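A short write-up of the structure that comes next.
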Amino acid sequence: MTEVFIAALRHLSIKAVGSSLLQAFGVLWLVVEVTAFFWPDFSAGTKSYWWLFLVTGTAVGLFRAWPRLSVCAFVSGTDCSITIRVCDLFAVAGVAYVVGTNTTFDTAIEDGTIHPASVQGQFTTRLCSSRQQLDRDIAHSLEGIPSSAVLPQDKAYGKLHRYEIGTVASVLVQKRRAYLVAIATLNAHKVAQARRRDVSDALPRLWEYIRTRGSLDVLCCPILGSGFSRLDATREALVHEIVRSFIPAVRAGTFCRGLIIVVSPRDFREGHLDLKRLGEFLQHECAYGSSALGAANLPAVGTPQG
């Protein structure tokens, strides 16, 4: 919460604060003047409460100038909402998490395969009881899904079975569901590499997996590909990708109670996203976004992964 507050404080504009304070005090002064005109005795009594006037005007002004940390819109024709929120992903309660991972579903942090600061690294250290248990849950979820063998000379560490981009492993941690979706490939040097096309291909498969095998939860999703996947795309463009993929999928049939796309406080603090602009985009897409475009990319219901 402190990190979110600091991020918001960094975006607080002196110009916006000044303008909001002037407007707030202007409105309060107008109310006092009009009231005093009709009830002359009122003005004499208000002078002793000057501090209340000051506190109220300052509070209202700061509230109006405070940077927006969340935008939300309902997808037209559905009861499902999309929210873009600045927060700590794993501090959001009562949701199912979406976690980007690699095509071999490697989870080791101690040898540097997975960076501890990545979303997957935080998921493992903050929510999972042990990495070994996580590996067992992933293996159980992936049973029956085709994979290809990885040659030791291409990857001399970790797991040696590679799955297709968009493959999903569903695990339960601390009574919360998490969907690990493969969006990147690890090279011989433990570096994750992804293309924008990998994310756009993986998203429809993720939504379809949740539709056919998942639970009807609110989904909490980071900006997939924006961190250690080294994707050559802006965070704002990746948010657009997620929104434009999700809308036709949820219009084709409800599979969740809502989607929260989480912007990390660090990304917001460093100015990687404009939440006001994203809010305008979200409102437009939820109202007018084409359902036919994304629905054409959805696998048929029941299509096996791999």
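Please note that chains go A, B, ... in the order of the structure tokens, that every chain numbers its residues from 1, and that ligands are numbered from 1 in the order shown.
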Report as a PyMOL selection string: the residues of stretch 137-180 of chain A with a DSSP assignment of strand (DSSP E), based on the backbone of this structure.
chain A and resi 148-149+161-162+168-173+176-180
Keeping N, CA and C atoms, export the residues of the selection given above as a PDB file, in the first residue's frame.
```pdb
ATOM      1  N   SER A 148       7.361 -31.801 -26.354  1.00  0.00           N
ATOM      2  CA  SER A 148       8.514 -32.271 -27.130  1.00  0.00           C
ATOM      3  C   SER A 148       9.740 -32.286 -26.230  1.00  0.00           C
ATOM      4  N   ALA A 149      10.639 -33.220 -26.499  1.00  0.00           N
ATOM      5  CA  ALA A 149      11.851 -33.340 -25.686  1.00  0.00           C
ATOM      6  C   ALA A 149      12.837 -32.235 -26.051  1.00  0.00           C
ATOM      7  N   HIS A 161      11.132 -31.006 -20.985  1.00  0.00           N
ATOM      8  CA  HIS A 161       9.947 -31.227 -21.815  1.00  0.00           C
ATOM      9  C   HIS A 161       9.338 -29.855 -22.132  1.00  0.00           C
ATOM     10  N   ARG A 162       9.209 -29.559 -23.421  1.00  0.00           N
ATOM     11  CA  ARG A 162       8.723 -28.241 -23.837  1.00  0.00           C
ATOM     12  C   ARG A 162       7.305 -28.356 -24.374  1.00  0.00           C
ATOM     13  N   VAL A 168      -1.501 -24.134 -20.631  1.00  0.00           N
ATOM     14  CA  VAL A 168      -1.855 -23.638 -19.297  1.00  0.00           C
ATOM     15  C   VAL A 168      -1.776 -24.767 -18.277  1.00  0.00           C
ATOM     16  N   ALA A 169      -1.182 -24.466 -17.140  1.00  0.00           N
ATOM     17  CA  ALA A 169      -1.196 -25.377 -15.996  1.00  0.00           C
ATOM     18  C   ALA A 169      -1.976 -24.691 -14.878  1.00  0.00           C
ATOM     19  N   SER A 170      -2.962 -25.396 -14.346  1.00  0.00           N
ATOM     20  CA  SER A 170      -3.798 -24.854 -13.280  1.00  0.00           C
ATOM     21  C   SER A 170      -3.376 -25.450 -11.943  1.00  0.00           C
ATOM     22  N   VAL A 171      -3.091 -24.581 -10.960  1.00  0.00           N
ATOM     23  CA  VAL A 171      -2.684 -25.051  -9.636  1.00  0.00           C
ATOM     24  C   VAL A 171      -3.499 -24.335  -8.566  1.00  0.00           C
ATOM     25  N   LEU A 172      -3.581 -24.953  -7.406  1.00  0.00           N
ATOM     26  CA  LEU A 172      -4.302 -24.371  -6.278  1.00  0.00           C
ATOM     27  C   LEU A 172      -3.295 -24.089  -5.171  1.00  0.00           C
ATOM     28  N   VAL A 173      -3.179 -22.805  -4.776  1.00  0.00           N
ATOM     29  CA  VAL A 173      -2.252 -22.416  -3.712  1.00  0.00           C
ATOM     30  C   VAL A 173      -3.010 -21.564  -2.699  1.00  0.00           C
ATOM     31  N   ARG A 176      -6.430 -20.608  -3.411  1.00  0.00           N
ATOM     32  CA  ARG A 176      -6.640 -19.711  -4.548  1.00  0.00           C
ATOM     33  C   ARG A 176      -6.134 -20.366  -5.814  1.00  0.00           C
ATOM     34  N   ARG A 177      -6.905 -20.237  -6.881  1.00  0.00           N
ATOM     35  CA  ARG A 177      -6.557 -20.834  -8.163  1.00  0.00           C
ATOM     36  C   ARG A 177      -5.564 -19.935  -8.892  1.00  0.00           C
ATOM     37  N   ALA A 178      -4.611 -20.553  -9.571  1.00  0.00           N
ATOM     38  CA  ALA A 178      -3.666 -19.815 -10.401  1.00  0.00           C
ATOM     39  C   ALA A 178      -3.502 -20.541 -11.724  1.00  0.00           C
ATOM     40  N   TYR A 179      -3.472 -19.765 -12.804  1.00  0.00           N
ATOM     41  CA  TYR A 179      -3.300 -20.315 -14.144  1.00  0.00           C
ATOM     42  C   TYR A 179      -1.939 -19.866 -14.669  1.00  0.00           C
ATOM     43  N   LEU A 180      -1.022 -20.819 -14.811  1.00  0.00           N
ATOM     44  CA  LEU A 180       0.299 -20.520 -15.348  1.00  0.00           C
ATOM     45  C   LEU A 180       0.257 -20.746 -16.850  1.00  0.00           C
TER      46      LEU A 180
END
```
What's the 12 Å shell around A:Gln133, counting only C-alpha atoms, without same-chain residues fewer than 3 positions away, as JSON, numbers by chain?
{"A": [107, 124, 127, 128, 129, 130, 136, 137, 138, 139, 140, 171, 172, 173]}
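The list of residues with at least one atom within 8 Å of A:Arg195, based on only C-alpha atoms and without residues fewer than 2 positions apart in the same chain, reads A:Ala184, A:Gln193, A:Arg197, A:Asp198, A:Val199, A:Leu231, A:Asp232.
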